[in-house]
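Asks: I'm passing along work.txt; it holds compact mmCIF, C-alpha atoms.
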```txt
# COMPACT_ATOMS: atom_id res chain seq x y z
CA MET K 200 20.56 -17.99 -1.49
CA LYS K 201 21.41 -19.49 -4.89
CA LYS K 202 21.75 -23.02 -3.46
CA ILE K 203 18.49 -22.62 -1.61
CA PHE K 204 16.73 -21.55 -4.78
CA LEU K 205 18.11 -24.51 -6.73
CA THR K 206 16.52 -26.80 -4.13
CA TRP K 207 13.18 -24.99 -4.53
CA LEU K 208 13.60 -25.12 -8.29
CA CYS K 209 14.20 -28.87 -8.36
CA LEU K 210 11.24 -29.55 -6.08
CA GLY K 211 9.04 -27.25 -8.15
CA LEU K 212 10.28 -28.82 -11.36
CA LEU K 213 9.27 -32.28 -10.20
CA THR K 214 5.79 -31.02 -9.44
CA VAL K 215 5.40 -29.07 -12.66
CA LEU K 216 6.76 -31.78 -14.95
CA SER K 217 5.10 -34.79 -13.33
CA GLY K 218 2.03 -34.14 -15.46
CA CYS K 219 3.59 -31.74 -17.92
CA ALA K 220 2.08 -31.18 -21.35
CA SER K 221 4.21 -30.90 -24.46
CA ALA K 222 5.53 -27.52 -25.57
CA GLU K 223 2.98 -27.39 -28.38
CA GLU K 224 0.10 -27.64 -25.85
CA ILE K 225 1.28 -24.80 -23.62
CA SER K 226 0.19 -21.28 -24.51
CA PRO K 227 3.10 -18.82 -24.10
CA THR K 228 2.86 -16.58 -21.05
CA ASN K 229 4.12 -13.03 -20.86
CA LEU K 230 5.21 -12.91 -17.20
CA VAL K 231 6.20 -9.75 -15.31
CA ILE K 232 7.57 -9.95 -11.77
CA LEU K 233 7.30 -6.69 -9.83
CA SER K 234 9.83 -6.95 -6.99
CA GLY K 235 9.48 -4.86 -3.85
CA TYR K 236 13.09 -5.44 -2.81
CA HIS K 237 13.44 -2.15 -0.92
CA ALA K 238 13.78 -0.72 2.57
CA ASN K 239 10.97 -1.03 5.15
CA ALA K 240 9.96 -4.45 3.79
CA PRO K 241 11.34 -7.99 4.01
CA VAL K 242 13.15 -9.56 1.08
CA PRO K 243 10.42 -10.82 -1.32
CA ARG K 244 9.61 -14.53 -1.03
CA PHE K 245 11.07 -15.57 -4.39
CA GLU K 246 10.58 -19.29 -3.80
CA SER K 247 6.81 -18.81 -3.92
CA ILE K 248 6.92 -18.11 -7.67
CA VAL K 249 8.99 -21.10 -8.81
CA ASP K 250 6.06 -22.81 -10.54
CA GLU K 251 5.06 -19.63 -12.38
CA VAL K 252 8.59 -19.09 -13.71
CA MET K 253 9.00 -22.73 -14.74
CA ASP K 254 5.67 -22.73 -16.60
CA THR K 255 6.77 -19.66 -18.51
CA CYS K 256 10.14 -21.13 -19.47
CA LEU K 257 8.61 -24.46 -20.53
CA GLY K 258 5.99 -22.67 -22.63
CA TYR K 259 8.53 -20.48 -24.42
CA GLY K 260 7.12 -17.27 -23.05
CA SER K 261 8.89 -14.18 -21.70
CA VAL K 262 9.89 -12.94 -18.25
CA SER K 263 10.51 -9.36 -17.13
CA VAL K 264 11.74 -8.33 -13.68
CA LEU K 265 10.87 -4.84 -12.45
CA VAL K 266 12.00 -3.20 -9.21
CA ASN K 267 9.69 -0.86 -7.31
CA ASP K 268 11.62 2.11 -5.95
CA GLY K 269 11.48 5.90 -6.38
CA GLU K 270 12.20 5.48 -10.09
CA PRO K 271 11.00 1.95 -10.99
CA TYR K 272 13.25 0.22 -13.48
CA MET K 273 13.51 -2.89 -15.65
CA ALA K 274 16.18 -5.18 -14.19
CA PHE K 275 15.77 -8.16 -16.51
CA GLN K 276 13.84 -9.07 -19.66
CA GLN K 277 14.13 -12.18 -21.80
CA VAL K 278 12.04 -14.02 -24.36
CA PHE K 279 12.54 -17.78 -24.24
CA GLU K 280 12.43 -18.76 -27.90
CA LYS K 281 11.27 -22.18 -29.03
CA PRO K 282 14.17 -24.19 -30.55
CA SER K 283 14.20 -24.32 -34.34
CA LYS K 284 14.69 -28.07 -34.17
CA ASP K 285 12.89 -30.72 -32.16
CA ILE K 286 14.61 -31.55 -28.88
CA SER K 287 14.14 -34.35 -26.37
CA GLU K 288 11.97 -33.85 -23.32
CA SER K 289 14.99 -34.17 -21.02
CA LYS K 290 16.82 -31.48 -22.99
CA ARG K 291 13.78 -29.24 -22.84
CA LYS K 292 13.60 -29.65 -19.07
CA SER K 293 17.30 -28.92 -18.72
CA ILE K 294 17.03 -25.73 -20.75
CA ALA K 295 13.98 -24.58 -18.76
CA THR K 296 15.82 -25.15 -15.48
CA SER K 297 18.74 -23.05 -16.66
CA GLN K 298 16.43 -20.29 -17.84
CA ALA K 299 14.54 -20.27 -14.54
CA GLN K 300 17.84 -19.96 -12.72
CA SER K 301 18.71 -16.90 -14.79
CA VAL K 302 15.43 -15.32 -13.66
CA TYR K 303 16.25 -16.06 -10.03
CA ASP K 304 19.74 -14.59 -10.43
CA ALA K 305 18.17 -11.39 -11.72
CA LEU K 306 15.63 -11.30 -8.88
CA SER K 307 18.19 -11.86 -6.14
CA ALA K 308 20.57 -9.27 -7.58
CA SER K 309 18.03 -6.54 -8.33
CA ALA K 310 17.16 -4.20 -5.46
CA ALA K 311 16.06 -0.60 -5.04
CA LYS K 312 18.47 2.03 -6.36
CA THR K 313 16.64 5.25 -5.50
CA PRO K 314 14.79 6.35 -2.32
CA GLU K 315 11.03 5.83 -1.85
CA CYS K 316 8.57 3.60 -3.77
CA ASP K 317 6.41 4.67 -6.69
CA PHE K 318 3.92 1.83 -7.13
CA LEU K 319 1.90 3.49 -9.88
CA GLY K 320 5.12 4.17 -11.77
CA ALA K 321 6.03 0.49 -11.46
CA LEU K 322 2.55 -0.51 -12.62
CA GLN K 323 2.89 1.66 -15.73
CA LEU K 324 6.23 0.01 -16.48
CA ALA K 325 4.67 -3.42 -16.01
CA LYS K 326 1.99 -2.56 -18.56
CA ARG K 327 4.64 -1.65 -21.12
CA ALA K 328 6.48 -4.91 -20.53
CA LEU K 329 3.28 -6.92 -20.87
CA SER K 330 2.42 -5.30 -24.18
CA THR K 331 5.56 -6.46 -25.98
CA GLN K 332 4.57 -10.11 -26.54
CA GLU K 333 1.52 -12.10 -27.61
CA GLY K 334 -0.09 -14.74 -25.39
CA ASN K 335 -1.25 -14.93 -21.79
CA LYS K 336 -0.36 -11.97 -19.57
CA LYS K 337 0.44 -12.41 -15.90
CA LEU K 338 1.80 -10.00 -13.29
CA LEU K 339 3.31 -11.25 -10.03
CA ILE K 340 3.58 -8.49 -7.42
CA LEU K 341 5.96 -9.14 -4.52
CA ASP K 342 5.58 -5.90 -2.56
CA SER K 343 4.23 -4.41 0.68
CA GLY K 344 1.96 -1.97 -1.15
CA PHE K 345 3.04 1.06 0.90
CA SER K 346 3.77 3.48 -1.93
CA THR K 347 5.57 6.67 -0.88
CA ALA K 348 5.90 8.59 -4.16
CA GLY K 349 3.75 9.76 -7.06
CA LEU K 350 -0.02 10.24 -6.87
CA LEU K 351 -0.39 7.18 -4.63
CA ASP K 352 1.68 8.53 -1.75
CA PHE K 353 0.63 7.11 1.62
CA THR K 354 2.92 9.54 3.47
CA GLN K 355 1.04 12.59 2.17
CA ASN K 356 -2.57 11.41 2.02
CA ASN K 357 -4.64 9.43 4.48
CA LEU K 358 -5.49 6.91 1.76
CA LEU K 359 -6.28 4.03 4.10
CA ASP K 360 -9.34 5.88 5.40
CA ALA K 361 -10.52 7.01 1.96
CA ASP K 362 -13.29 5.32 0.04
CA PRO K 363 -11.44 2.76 -2.17
CA GLN K 364 -13.76 3.14 -5.16
CA THR K 365 -13.41 6.92 -5.06
CA VAL K 366 -9.61 6.71 -5.00
CA GLY K 367 -9.66 4.28 -7.92
CA SER K 368 -12.01 6.50 -9.92
CA LEU K 369 -9.97 9.65 -9.27
CA LEU K 370 -6.74 7.95 -10.34
CA LYS K 371 -8.41 6.75 -13.52
CA GLU K 372 -9.79 10.22 -14.27
CA ARG K 373 -6.28 11.63 -13.92
CA ARG K 374 -4.98 8.99 -16.36
CA ALA K 375 -2.67 7.61 -13.68
CA LEU K 376 -3.71 3.98 -14.19
CA PRO K 377 -2.53 1.68 -17.01
CA ASP K 378 -4.94 -0.49 -19.01
CA LEU K 379 -4.36 -4.03 -17.72
CA THR K 380 -7.44 -5.60 -19.28
CA GLY K 381 -7.01 -9.35 -19.46
CA VAL K 382 -3.99 -9.41 -17.13
CA GLU K 383 -3.98 -11.92 -14.29
CA ILE K 384 -2.38 -10.49 -11.14
CA ILE K 385 -1.17 -12.46 -8.15
CA TRP K 386 -0.07 -10.27 -5.23
CA MET K 387 2.19 -11.68 -2.52
CA GLY K 388 3.44 -9.80 0.53
CA LEU K 389 0.80 -7.07 0.69
CA GLY K 390 1.18 -5.33 4.06
CA ASP K 391 4.40 -7.17 4.98
CA VAL K 392 6.87 -4.66 6.44
CA GLU K 393 9.91 -4.33 8.65
CA LYS K 394 11.20 -1.54 10.86
CA PRO K 395 11.17 1.41 10.89
CA GLN K 396 7.76 0.93 9.24
CA ASP K 397 5.14 0.11 11.88
CA THR K 398 3.40 -3.23 11.40
CA PRO K 399 -0.17 -2.74 10.13
CA SER K 400 -3.04 -4.21 12.11
CA ALA K 401 -5.42 -6.75 10.60
CA ALA K 402 -7.92 -3.93 10.00
CA THR K 403 -5.30 -1.83 8.20
CA ARG K 404 -4.25 -4.78 6.06
CA GLN K 405 -7.86 -5.24 5.03
CA LYS K 406 -8.17 -1.56 4.11
CA LEU K 407 -4.97 -1.83 2.07
CA LYS K 408 -6.37 -4.87 0.26
CA GLU K 409 -9.69 -3.14 -0.49
CA LEU K 410 -7.88 -0.06 -1.80
CA TYR K 411 -5.72 -2.02 -4.24
CA GLN K 412 -8.64 -4.21 -5.26
CA ALA K 413 -10.50 -1.06 -6.32
CA ILE K 414 -7.45 0.39 -8.10
CA LEU K 415 -6.71 -2.81 -10.04
CA ASP K 416 -10.40 -3.20 -10.90
CA GLU K 417 -10.18 0.21 -12.55
CA CYS K 418 -7.15 -1.08 -14.49
CA GLY K 419 -9.30 -3.93 -15.83
CA ALA K 420 -7.16 -6.69 -14.28
CA SER K 421 -8.17 -9.67 -12.17
CA VAL K 422 -6.26 -9.92 -8.90
CA THR K 423 -5.71 -12.62 -6.28
CA PHE K 424 -4.07 -11.77 -2.96
CA ASP K 425 -1.82 -14.60 -1.79
CA GLU K 426 -1.60 -14.72 2.02
CA THR K 427 1.67 -16.71 2.09
CA LEU K 428 3.93 -15.57 4.93
CA SER K 429 6.81 -13.27 4.07
CA SER K 430 10.38 -14.55 3.80
CA GLY K 431 11.34 -13.04 7.14
CA GLN K 432 14.71 -12.03 5.68
CA THR K 433 15.79 -8.48 6.41
CA ALA K 434 16.41 -6.32 3.35
CA GLY K 435 19.31 -4.56 5.05
CA GLU K 436 20.28 -0.99 5.88
CA SER K 437 22.28 -0.46 2.68
CA LEU K 438 19.16 0.05 0.56
CA PRO K 439 17.90 3.60 -0.20
CA SER K 440 15.53 4.94 2.44
CA VAL K 441 11.75 4.69 2.27
CA THR K 442 9.70 7.08 4.41
CA PRO K 443 7.63 5.20 7.01
CA VAL K 444 3.87 5.55 6.56
CA THR K 445 1.95 6.78 9.60
CA LEU K 446 -0.76 4.25 10.39
CA LEU K 447 -3.93 5.53 12.03
CA GLU K 448 -5.26 2.75 14.21
CA GLU K 449 -8.79 1.98 15.35
CA PRO K 450 -10.00 3.94 18.42
CA ALA K 451 -10.13 0.82 20.60
CA LEU K 452 -6.39 0.37 20.06
CA LEU K 453 -5.41 3.75 21.48
CA THR K 454 -2.03 3.54 23.25
CA SER K 455 0.84 5.91 23.86
CA SER K 456 2.24 5.19 20.38
CA THR K 457 -0.80 5.36 18.10
CA ALA K 458 -2.75 8.01 16.27
CA VAL K 459 -6.53 7.82 15.93
CA VAL K 460 -8.71 9.52 13.33
CA PHE K 461 -12.37 10.27 14.03
CA THR K 462 -14.26 11.02 10.82
CA GLU K 463 -17.88 12.09 10.48
CA LYS K 464 -18.86 8.43 10.77
CA GLU K 465 -17.59 8.27 14.36
CA LEU K 466 -17.78 11.89 15.50
CA ALA K 467 -20.39 13.98 13.73
CA PHE K 468 -20.87 17.73 14.00
CA ARG K 469 -23.91 19.75 13.04
CA PRO K 470 -23.67 21.07 9.44
CA ASP K 471 -21.41 24.14 9.23
CA SER K 472 -21.17 24.14 13.01
CA THR K 473 -18.62 23.36 15.72
CA GLU K 474 -21.34 21.76 17.88
CA LEU K 475 -21.39 17.97 18.23
CA ALA K 476 -24.48 16.59 16.51
CA ASP K 477 -25.00 13.59 18.81
CA PRO K 478 -23.54 13.74 22.35
CA ALA K 479 -24.39 10.08 22.96
CA GLN K 480 -22.50 9.04 19.84
CA ALA K 481 -19.58 11.26 20.83
CA LYS K 482 -19.48 9.67 24.28
CA GLU K 483 -19.27 6.19 22.78
CA ALA K 484 -16.69 7.12 20.15
CA LEU K 485 -14.46 9.02 22.56
CA ALA K 486 -14.68 6.46 25.39
CA PRO K 487 -11.21 4.98 24.66
CA VAL K 488 -9.71 8.50 24.64
CA THR K 489 -11.43 9.42 27.89
CA GLU K 490 -10.29 6.19 29.52
CA TYR K 491 -6.73 6.69 28.29
CA LEU K 492 -6.46 10.22 29.69
CA LEU K 493 -8.11 9.37 33.00
CA SER K 494 -5.86 6.35 33.50
CA ASP K 495 -2.78 8.53 33.95
CA SER K 496 -2.68 12.28 34.56
CA GLY K 497 0.66 12.32 32.74
CA HIS K 498 -0.93 11.34 29.45
CA GLN K 499 -1.21 14.27 27.05
CA LEU K 500 -2.87 14.39 23.65
CA LEU K 501 -3.01 16.67 20.62
CA LEU K 502 -6.41 17.06 18.94
CA ALA K 503 -5.98 18.19 15.32
CA GLY K 504 -9.06 19.18 13.31
CA THR K 505 -9.29 18.89 9.51
CA THR K 506 -11.87 19.90 6.91
CA ALA K 507 -13.09 19.08 3.44
CA THR K 508 -11.88 21.26 0.54
CA VAL K 509 -14.34 24.13 0.90
CA GLY K 510 -13.58 27.86 0.98
CA ASN K 511 -10.11 29.15 1.75
CA GLN K 512 -7.46 27.41 3.83
CA GLN K 513 -7.13 30.08 6.52
CA ASP K 514 -10.86 30.02 7.33
CA CYS K 515 -10.79 26.23 7.40
CA ILE K 516 -7.86 26.24 9.81
CA GLN K 517 -9.87 28.36 12.25
CA PHE K 518 -13.02 26.28 11.76
CA SER K 519 -11.22 22.95 12.24
CA ALA K 520 -9.46 24.30 15.33
CA ALA K 521 -12.84 25.25 16.80
CA ARG K 522 -14.16 21.74 16.20
CA ALA K 523 -11.09 20.25 17.89
CA LEU K 524 -11.73 22.63 20.81
CA SER K 525 -15.33 21.34 21.07
CA VAL K 526 -13.98 17.81 21.45
CA LYS K 527 -11.57 19.01 24.13
CA GLU K 528 -14.44 20.67 26.00
CA TYR K 529 -16.40 17.43 25.90
CA LEU K 530 -13.44 15.47 27.31
CA VAL K 531 -12.98 18.06 30.07
CA SER K 532 -16.67 17.71 30.93
CA ALA K 533 -16.02 13.97 31.30
CA GLY K 534 -13.41 14.65 34.01
CA VAL K 535 -10.21 15.00 31.99
CA SER K 536 -7.83 17.82 32.95
CA SER K 537 -7.63 20.58 30.33
CA ARG K 538 -3.85 20.57 30.81
CA GLN K 539 -3.73 17.10 29.20
CA ILE K 540 -5.08 18.33 25.85
CA GLN K 541 -3.86 20.76 23.21
CA THR K 542 -5.80 21.59 20.05
CA LEU K 543 -4.80 22.53 16.53
CA GLY K 544 -6.54 23.33 13.24
CA LEU K 545 -5.13 21.96 9.98
CA GLY K 546 -7.83 22.94 7.49
CA TYR K 547 -7.68 20.97 4.25
CA GLU K 548 -4.00 21.38 3.40
CA ASN K 549 -2.46 18.66 5.55
CA ARG K 550 -0.74 15.29 5.30
CA PHE K 551 -3.94 13.43 6.23
CA HIS K 552 -5.97 14.94 3.40
CA VAL K 553 -7.59 12.57 0.91
CA PRO K 554 -8.52 13.88 -2.58
CA ASP K 555 -12.16 14.89 -2.16
CA THR K 556 -13.05 16.92 -5.26
CA ASN K 557 -14.33 15.82 -8.64
CA PRO K 558 -12.94 17.29 -11.88
CA ASP K 559 -15.77 19.87 -11.83
CA GLY K 560 -14.83 21.02 -8.33
CA THR K 561 -17.73 19.38 -6.47
CA LEU K 562 -17.06 17.25 -3.39
CA ASN K 563 -17.03 13.45 -3.54
CA GLU K 564 -17.48 10.76 -0.87
CA ASN K 565 -14.05 11.43 0.64
CA ALA K 566 -15.23 14.79 2.00
CA SER K 567 -16.67 13.02 5.07
CA VAL K 568 -13.26 11.46 5.76
CA ASN K 569 -11.58 14.86 5.65
CA ARG K 570 -14.02 16.33 8.16
CA SER K 571 -12.20 14.75 11.07
CA VAL K 572 -10.51 15.17 14.41
CA ILE K 573 -7.20 13.35 14.76
CA VAL K 574 -5.91 12.33 18.17
CA LEU K 575 -2.17 11.91 18.73
CA PRO K 576 0.05 11.49 21.80
CA MET K 577 1.67 14.86 22.46
CA ASP K 578 5.19 13.43 22.49
CA SER K 579 4.80 11.46 19.25
CA PRO K 580 7.02 12.53 16.31
CA LEU K 581 3.96 13.35 14.21
CA ALA K 582 2.44 15.59 16.92
CA VAL K 583 5.76 17.39 17.32
CA GLU K 584 5.97 17.89 13.55
CA LEU K 585 2.42 19.30 13.36
CA LEU K 586 2.99 21.70 16.25
CA GLU K 587 6.28 22.93 14.81
CA GLY K 588 4.52 23.62 11.50
CA GLN K 589 2.05 26.12 13.03
```
Will you turn the file into structure tokens for me?

Replies:
Amino acid sequence: MKKIFLTWLCLGLLTVLSGCASAEEISPTNLVILSGYHANAPVPRFESIVDEVMDTCLGYGSVSVLVNDGEPYMAFQQVFEKPSKDISESKRKSIATSQAQSVYDALSASAAKTPECDFLGALQLAKRALSTQEGNKKLLILDSGFSTAGLLDFTQNNLLDADPQTVGSLLKERRALPDLTGVEIIWMGLGDVEKPQDTPSAATRQKLKELYQAILDECGASVTFDETLSSGQTAGESLPSVTPVTLLEEPALLTSSTAVVFTEKELAFRPDSTELADPAQAKEALAPVTEYLLSDSGHQLLLAGTTATVGNQQDCIQFSAARALSVKEYLVSAGVSSRQIQTLGLGYENRFHVPDTNPDGTLNENASVNRSVIVLPMDSPLAVELLEGQ
């Protein structure tokens, strides 16, 4: 990989220096590279940041390399001091090339040490690194974005179906977001994964982008999402494990291996009732489920109801189970065998739950997301887990 990078570096150097300004004309840049070199994601595409690193070295700025894992850490930090004496342009270029190589060496050698990924923890660490020097501040994020630890844990909360602005506001209220005012962020590799993490659909990628846009807006930063393809290089099995995030696909994509969530937007009930508010709407929303079950009598599904955070959990379990039963009864009326469907109530204490209360205890916009019925294949690992937890 080192030889490959040297080739990228030389090509990038020719581009950067062909119209290069003198050192005095370049404002120093405080550059932080947040590397998502961990399990469930491809090796970050390091060659895509050659120009950024070279600009920093030529401008006598600083570079920090952070690794996003369960306990994010600083893997490399260096300030590239301006020489005390004047040097030739060729010498300056030679020094910058050597410095850029040292950054690459740190990137290629620094991988996850602890299980999981705590993106907010890494973001806090990035803020601290950016505050140590004067000048321009830039953060390059090379990560999938699927955080599995801390407050932003995609394995515990159905964050992809939450309102992005609400999530951003709640994180800010809980002082979980760093102040990144004036920081320019370029994000590469968002949504890029490898097995055992399921590949997100285009719709899921868009939701992921909207969520992080809202979060970084609350941080005060400007962000650009770079759509450059991932490196395609496998991170390897030796890295600490990262829990796969369950992706809830769109209803039209229902297959034997997907889970589908119907919120109030798709499947509405009458207020404080287990009765469907609009049978016509329910028919349209549940059409893919009906078609799936009727296509093969061997297909079996689990319908799991959830609620907003209101009242006590035990009452909400019973209420959400009754709503799931209403959906089952509708499907049976459409010709589906009752033996193909099992129902379950989860209340508001469940892995799909999205934070839906304000600091004063009132409900926010996410309450409608939590009032849902989730459809899963009966033999899926998640369905088995939910049934075993009864």

Asks: So how far away is atom CA of Gly367 of chain K from atom CA of Ile414 of chain K, in Å?

Replies: 4.5 Å

Asks: Just to confirm, what's the straight-line distance from atom CA of Asn549 of chain K to atom CA of Asn356 of chain K in Å (one decimal)?

Replies: 8.1 Å

Asks: Between K:Thr445, K:Glu548, K:Thr313, K:Ser307, which residue has the minimum interatomic distance to Val460 of chain K, considering only C-alpha atoms?

Replies: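 Checking each of K:Thr445, K:Glu548, K:Thr313, K:Ser307 against Val460 of chain K, counting only C-alpha atoms, the winner is K:Thr445.
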
Asks: Please compute the atom CA of Gln323 of chain K-atom CA of Ser437 of chain K distance, one decimal, in Å.

Replies: 26.8 Å

Asks: Env of Val488 of chain K: 12 Å cut, atoms = all atoms listed in the file, seq-sep filter 2 positions within chain, self excluded. Answer as a PyMOL selection string.

Replies: chain K and resi 449-455+457-461+481-486+490-495+498-502+526-527+529-531+533-535+539-540+573-576

Asks: Under the rule that all atoms listed in the file are counted, which of K:Val262, K:Leu410, K:Leu358, K:Val382 is the nearest residue to Gln300 of chain K?

Replies: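 Going through K:Val262, K:Leu410, K:Leu358, K:Val382 one by one, the smallest distance to Gln300 of chain K is for K:Val262.
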
Asks: I'd like to know which of K:Gln355, K:Gln541, K:Ser440, K:Asn229 is closest to Gln396 of chain K, using all atoms listed in the file.

Replies: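 The closest residue to Gln396 of chain K is K:Ser440.
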
Asks: Choose the residue, out of K:Ser429, K:Ser400, K:Gln412, K:Ser289, that has the smallest atom-to-atom separation from Ser247 of chain K; count only C-alpha atoms.

Replies: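 Answer, going by the shortest atom-to-atom distance: K:Ser429.
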
Asks: Within 9 Å of Asp352 of chain K, counting only C-alpha atoms, which residues show up once you throw out same-chain ones fewer than 6 positions away? Write them as a list in words, please.

Replies: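 Close residues of Asp352 of chain K: Cys316, Asp317, Phe318, Phe345, Ser346 and Leu358 of chain K.
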
Asks: So which residues fall inside 12 Å of (16.9, -28.0, -20.8) if we count only C-alpha atoms? Mind giving them as a PDB file with C-alpha atoms, keeping the file's coordinate frame?

Replies:
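The new file point-v6.pdb reads:
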```pdb
ATOM      1  CA  LEU K 212      10.280 -28.820 -11.360  1.00  0.00           C
ATOM      2  CA  MET K 253       9.000 -22.730 -14.740  1.00  0.00           C
ATOM      3  CA  CYS K 256      10.140 -21.130 -19.470  1.00  0.00           C
ATOM      4  CA  LEU K 257       8.610 -24.460 -20.530  1.00  0.00           C
ATOM      5  CA  TYR K 259       8.530 -20.480 -24.420  1.00  0.00           C
ATOM      6  CA  PHE K 279      12.540 -17.780 -24.240  1.00  0.00           C
ATOM      7  CA  LYS K 281      11.270 -22.180 -29.030  1.00  0.00           C
ATOM      8  CA  PRO K 282      14.170 -24.190 -30.550  1.00  0.00           C
ATOM      9  CA  ILE K 286      14.610 -31.550 -28.880  1.00  0.00           C
ATOM     10  CA  SER K 287      14.140 -34.350 -26.370  1.00  0.00           C
ATOM     11  CA  GLU K 288      11.970 -33.850 -23.320  1.00  0.00           C
ATOM     12  CA  SER K 289      14.990 -34.170 -21.020  1.00  0.00           C
ATOM     13  CA  LYS K 290      16.820 -31.480 -22.990  1.00  0.00           C
ATOM     14  CA  ARG K 291      13.780 -29.240 -22.840  1.00  0.00           C
ATOM     15  CA  LYS K 292      13.600 -29.650 -19.070  1.00  0.00           C
ATOM     16  CA  SER K 293      17.300 -28.920 -18.720  1.00  0.00           C
ATOM     17  CA  ILE K 294      17.030 -25.730 -20.750  1.00  0.00           C
ATOM     18  CA  ALA K 295      13.980 -24.580 -18.760  1.00  0.00           C
ATOM     19  CA  THR K 296      15.820 -25.150 -15.480  1.00  0.00           C
ATOM     20  CA  SER K 297      18.740 -23.050 -16.660  1.00  0.00           C
ATOM     21  CA  GLN K 298      16.430 -20.290 -17.840  1.00  0.00           C
ATOM     22  CA  ALA K 299      14.540 -20.270 -14.540  1.00  0.00           C
ATOM     23  CA  GLN K 300      17.840 -19.960 -12.720  1.00  0.00           C
TER      24      GLN K 300
END
```

Asks: Which is closer to Leu341 of chain K than all the others in K:Pro580, K:Pro227, K:Pro241, K:Pro443, using all atoms listed in the file?

Replies: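 For Leu341 of chain K, the nearest of the candidates is K:Pro241.
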
Asks: When distances are computed from all atoms listed in the file, which of K:Gln512, K:Thr331, K:Thr442, K:Gln276 shows the smallest separation from Phe353 of chain K?

Replies: K:Thr442

Asks: Residues at most 6 Å from Asp555 of chain K, counting all atoms listed in the file, excluding those fewer than 2 positions away in the same chain, as a PyMOL selection string?

Replies: chain K and resi 553+562-563+565-566

Asks: For the residues in that selection, give me C-alpha atoms as a PDB file, in the coordinates of the input.

Replies:
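Saved result, out.pdb, follows:
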```
ATOM      1  CA  VAL K 553      -7.590  12.570   0.910  1.00  0.00           C
ATOM      2  CA  LEU K 562     -17.060  17.250  -3.390  1.00  0.00           C
ATOM      3  CA  ASN K 563     -17.030  13.450  -3.540  1.00  0.00           C
ATOM      4  CA  ASN K 565     -14.050  11.430   0.640  1.00  0.00           C
ATOM      5  CA  ALA K 566     -15.230  14.790   2.000  1.00  0.00           C
TER       6      ALA K 566
END
```

Asks: For Ser519 of chain K, please output as a PyMOL selection string all residues within 8 Å (counting all atoms listed in the file; exclusion window: fewer than 3 positions along the same chain).

Replies: chain K and resi 503-506+515-516+522-523+543-546
